[in-house]
Amino acid sequence: MLRPSTQRYSVTRPLYSEDTFEDEHAKVYRKHKRLLDHFIQYFTCTSERAKNAAVSLLPIIGWMKIYSIKDWLLNDIVSGVSTGLVAVLQGLAFSLLASISTWYGLYAAFFPVIMYFFLGTSRHISVGSFPILSLMVGAVVTRLVPDEGPPANITAFEGLTKDEQRILVSASLTFLVGLFQLGMGLLQVGFIVMYLSDTLISGFTTAAAVHILVSQLKFVLGLTVPGFSGPLSIIYTLESVFTQITSTNIHDLVTSIVVMVTVLGIKEINDRFKSKLPVPIPIEVIMTVIACGISYAFNFSENHGVDVVGKIPNTFESPIAPSLQLFQMTAVEAFPIAIVGFAVAFAVAKVYSVKHDYIIDGNQELIAFGASNIFGGAFKSLVASTALSRSAVQESTGGKTQIAGLLSAIIVLVVILGIGFLLEPLPKSLLGAVVIVNLKGMLMQVVTVPYLWKKDRPDCIVWVGTCLAAIFLGLDLGLAVGLGLELLTVVFRTQTFALASFSVFLNLLQIYEPEGVKIFRIPSPIFFANIDFFRDKLKDAVGFNPLRILRKRNKAVKKIKKMIKKGELTLTSVCLESEEEGNMEDLDKPTDYSDLPIQVNWNTELPANIRVPPVNIHSLILDFSAVSFLDISALKGLKVALKEFIRVNVDVYIVGCDPYIIEKLRNCKFFDDEIKTSIFFLTIHDAMLFIHEYLITKTRRNTKTGLRPDNSQKLL
């Protein structure tokens, strides 16, 4: 590549005022639709639109049409059985966080899954209880039906036992959460999740993990600790635990320690050897079987005072109607639960949709989870979202669609109706230990604080402020404080951005895009709330999805290598090692042309009906002149976007960037072997001249070496 410093240019043009410029250059007007036009378009119905609406409302229609029984069914069966076993254990464990009977956690792994199977757009997430939501539900339950003292004055509580009152609170709250989510989905406000930055979510989930850890101490130690809710509840809980510490049940403590050490060790083995293991070792399930056997053999419940799961009904309970009075008393808590549940599920679903190359719809996800929670609430289920570890099991064991989720629900059904009695001697201390072990990932997020402090202090303040507020004030108030801090940091950044001091004057009369060059102007700062919007608009502007192109190219190269090895393509004799189809992570890496005795021109016809969409640009210019700041979320998203284009041979150039932003990119280790500082230019004109000179030099070099100008050789 040429060095930009070797280029020189001069500009000669008339002096223009706005009036003289308008006189010489006709202004192009874009037609804007009137409100009436939008209204007519929205309510116009055609057969094609009706078909699209049906597929949108019932996404199962879309993926069932392409379902391959031969290639996918076995994977879905293995994944469904594995996920179902984990869902049973987590359902029992997470119900403890909600302060309700354990078997109601199993309902969350069954009823919502059935509804999501038809309405959800994600093919890989595992729907069911989530520890943070269970904890938030538990705070409401203990506030209205405390362990000590009379319950709240609610008409629907009359004639009910304490356990039944708590179930009514949990079910009504779940129903209300579903109504909020369904309403937001119908109003098309799925974009609301954009205002929860990665930093805020990280701080919030870390605080929630601390709350969950403290709430499980009573099961790990075998103590009787009353439930607390409201600000400083964590302090009161710790005070109660430490005042009873001398009454610790040694059998519960030993069970918990053995389980935690074993599960952590095996999980580490699963992570380290995941490429060699056909499926992760289901250590939680194994420990559950062992603990049930030991507890039953030695009668832990009666002989040693160990608190066990107890009787699990072998039938479903009758559905109940929610209490309108409870709706009024829990609406304030229900709304943040609805937001957090959707945000977590959407974030996990988005990761897997990008990895497996399909589209998810945020608004449809809201509708799906809303309907799932309404249906589940009617049958006394906990609030449903997705658990990260359970979704990882469903995806890593080969799950292809929500048929795996449906099969996991069938496993739960078998446990409820058939073999639930086998879990009756299970110590609750084991469930508490399993919950604590699964908090490792969330608790380890605290190591990002020093990094944020060095690289982006406003983001660090959001993280620390959200975490501390959620720990001491409660999760609902903590989320509100985090949103407030996030808003303040955006205001602070926009009011105090550094001014660029370029000595080069440039006034572009027109933005002219030569063939093969796309100029994209970013008209605002880039931060957590608009980074996804920026990436989507960039793909729309260039007319293709670079990640999808990269995956198709990598698949094509592997197919060509196999064809060469089998002699189906006539080329010079070259010995190639056999390659199996790689996983999705391999397809996201730069295309590997090693051992390939040809150079592929991706814009011409390929052999053996291999089809890869052409890329009609070779250079992309990003105009950063209006970008006054980037936060950490935007920095990560920008780096991913640039690499996607670079890996499909599109050169990316950034112009007009503030020196403060460039310095921040250096400090945050933004640059590497693929993204270099040489992509930055002062102006669009500098970048255009450099592209022109670079293409001329490249063409001359190819001509001298006997290569075609597009740097390709035809297959023989």
# chains A, B, ... in the order shown; residues from 1 in each chain; ligands from 1

call {"tool": "closest_atom_pairs", "arguments": {"of": "range 147-214 of chain A", "to": "range 91-97 of chain A", "cutoff": "12 Å", "atoms": "only C-alpha atoms", "output": "tab-separated table"}}
result
residue	atom	partner	partner_atom	distance
A:Arg166	CA	A:Ser95	CA	11.8
A:Ile167	CA	A:Ser95	CA	10.9
A:Ser170	CA	A:Ser95	CA	10.4
A:Ala208	CA	A:Leu97	CA	11.4
A:Ala209	CA	A:Leu97	CA	11.5
A:His211	CA	A:Leu97	CA	9.8
A:Ile212	CA	A:Leu97	CA	7.3
A:Leu213	CA	A:Leu97	CA	10.0
A:Val214	CA	A:Leu97	CA	10.5

call {"tool": "residues_around", "arguments": {"residues": "Glu644 in chain A", "least_positions_apart": "4", "cutoff": "7 Å", "atoms": "only C-alpha atoms", "output": "JSON, numbers by chain"}}
result
{"A": [546, 547, 640, 648]}

call {"tool": "write_last_selection", "arguments": {"atoms": "N, CA, C and O atoms", "output": "PDB file, in the first residue's frame"}}
result
ATOM      1  N   PRO A 546     -21.792  -7.815   4.870  1.00  0.00           N
ATOM      2  CA  PRO A 546     -20.431  -8.350   4.696  1.00  0.00           C
ATOM      3  C   PRO A 546     -20.190  -9.657   5.433  1.00  0.00           C
ATOM      4  O   PRO A 546     -19.449 -10.512   4.955  1.00  0.00           O
ATOM      5  N   LEU A 547     -20.809  -9.831   6.606  1.00  0.00           N
ATOM      6  CA  LEU A 547     -20.609 -11.074   7.341  1.00  0.00           C
ATOM      7  C   LEU A 547     -21.202 -12.254   6.578  1.00  0.00           C
ATOM      8  O   LEU A 547     -20.604 -13.334   6.517  1.00  0.00           O
ATOM      9  N   VAL A 640     -16.051  -4.443  15.093  1.00  0.00           N
ATOM     10  CA  VAL A 640     -16.630  -5.622  14.442  1.00  0.00           C
ATOM     11  C   VAL A 640     -17.075  -5.277  13.022  1.00  0.00           C
ATOM     12  O   VAL A 640     -16.829  -6.032  12.070  1.00  0.00           O
ATOM     13  N   VAL A 648     -13.901  -9.023   3.509  1.00  0.00           N
ATOM     14  CA  VAL A 648     -14.437  -9.305   2.173  1.00  0.00           C
ATOM     15  C   VAL A 648     -13.758  -8.393   1.148  1.00  0.00           C
ATOM     16  O   VAL A 648     -14.322  -8.083   0.093  1.00  0.00           O
TER      17      VAL A 648
END

call {"tool": "residues_around", "arguments": {"residues": "range 540-544 of chain A", "least_positions_apart": "6", "cutoff": "10 Å", "atoms": "only C-alpha atoms", "output": "number ranges by chain"}}
result
A: 517-520, 534, 613-617, 620

call {"tool": "atom_distance", "arguments": {"atom1": "CA of Leu35 in chain A", "atom2": "CA of Ser47 in chain A"}}
result
24.0 Å

call {"tool": "residues_around", "arguments": {"residues": "range 327-334 of chain A", "least_positions_apart": "3", "cutoff": "8 Å", "atoms": "only C-alpha atoms", "output": "ChimeraX atom specification"}}
result
/A:136,140,172-174,176-177,180,323-324,337-338,476

call {"tool": "write_last_selection", "arguments": {"atoms": "N, CA and C atoms", "output": "PDB file, in the first residue's frame"}}
result
ATOM      1  N   MET A 136     -36.178 -10.778  41.466  1.00  0.00           N
ATOM      2  CA  MET A 136     -37.050  -9.597  41.467  1.00  0.00           C
ATOM      3  C   MET A 136     -38.481  -9.985  41.823  1.00  0.00           C
ATOM      4  N   VAL A 140     -40.927  -8.963  45.429  1.00  0.00           N
ATOM      5  CA  VAL A 140     -42.343  -8.573  45.479  1.00  0.00           C
ATOM      6  C   VAL A 140     -43.124  -9.539  46.361  1.00  0.00           C
ATOM      7  N   SER A 172     -49.851 -13.615  39.407  1.00  0.00           N
ATOM      8  CA  SER A 172     -50.422 -12.337  38.961  1.00  0.00           C
ATOM      9  C   SER A 172     -49.337 -11.421  38.417  1.00  0.00           C
ATOM     10  N   LEU A 173     -48.178 -11.415  39.085  1.00  0.00           N
ATOM     11  CA  LEU A 173     -47.062 -10.593  38.620  1.00  0.00           C
ATOM     12  C   LEU A 173     -46.574 -11.078  37.250  1.00  0.00           C
ATOM     13  N   THR A 174     -46.478 -12.374  37.072  1.00  0.00           N
ATOM     14  CA  THR A 174     -46.071 -12.934  35.774  1.00  0.00           C
ATOM     15  C   THR A 174     -47.062 -12.545  34.685  1.00  0.00           C
ATOM     16  N   LEU A 176     -49.013  -9.917  34.640  1.00  0.00           N
ATOM     17  CA  LEU A 176     -48.894  -8.482  34.380  1.00  0.00           C
ATOM     18  C   LEU A 176     -47.639  -8.175  33.562  1.00  0.00           C
ATOM     19  N   VAL A 177     -46.539  -8.854  33.862  1.00  0.00           N
ATOM     20  CA  VAL A 177     -45.318  -8.689  33.064  1.00  0.00           C
ATOM     21  C   VAL A 177     -45.600  -9.048  31.608  1.00  0.00           C
ATOM     22  N   PHE A 180     -47.505  -6.229  29.916  1.00  0.00           N
ATOM     23  CA  PHE A 180     -46.602  -5.121  29.559  1.00  0.00           C
ATOM     24  C   PHE A 180     -45.807  -5.472  28.299  1.00  0.00           C
ATOM     25  N   SER A 323     -55.183 -11.431  40.070  1.00  0.00           N
ATOM     26  CA  SER A 323     -55.893 -10.475  40.922  1.00  0.00           C
ATOM     27  C   SER A 323     -55.656  -9.054  40.420  1.00  0.00           C
ATOM     28  N   LEU A 324     -56.752  -8.341  40.119  1.00  0.00           N
ATOM     29  CA  LEU A 324     -56.624  -6.960  39.668  1.00  0.00           C
ATOM     30  C   LEU A 324     -56.057  -6.066  40.770  1.00  0.00           C
ATOM     31  N   ILE A 337     -39.249  -5.488  35.494  1.00  0.00           N
ATOM     32  CA  ILE A 337     -39.066  -6.922  35.259  1.00  0.00           C
ATOM     33  C   ILE A 337     -39.297  -7.243  33.784  1.00  0.00           C
ATOM     34  N   ALA A 338     -40.341  -6.632  33.199  1.00  0.00           N
ATOM     35  CA  ALA A 338     -40.628  -6.855  31.777  1.00  0.00           C
ATOM     36  C   ALA A 338     -39.470  -6.367  30.904  1.00  0.00           C
ATOM     37  N   ASP A 476     -34.865  -2.735  41.225  1.00  0.00           N
ATOM     38  CA  ASP A 476     -35.734  -1.841  40.462  1.00  0.00           C
ATOM     39  C   ASP A 476     -35.234  -0.401  40.519  1.00  0.00           C
TER      40      ASP A 476
END

call {"tool": "closest_residue", "arguments": {"among": "A:Phe527, A:Phe300, A:Phe130, A:Phe39", "to": "Leu388 in chain A", "atoms": "only C-alpha atoms"}}
result
A:Phe130

call {"tool": "residues_around", "arguments": {"residues": "Leu264 in chain A", "least_positions_apart": "5", "cutoff": "12 Å", "atoms": "only C-alpha atoms", "output": "ChimeraX atom specification"}}
result
/A:256-259,269-271,281-284,287,433-441
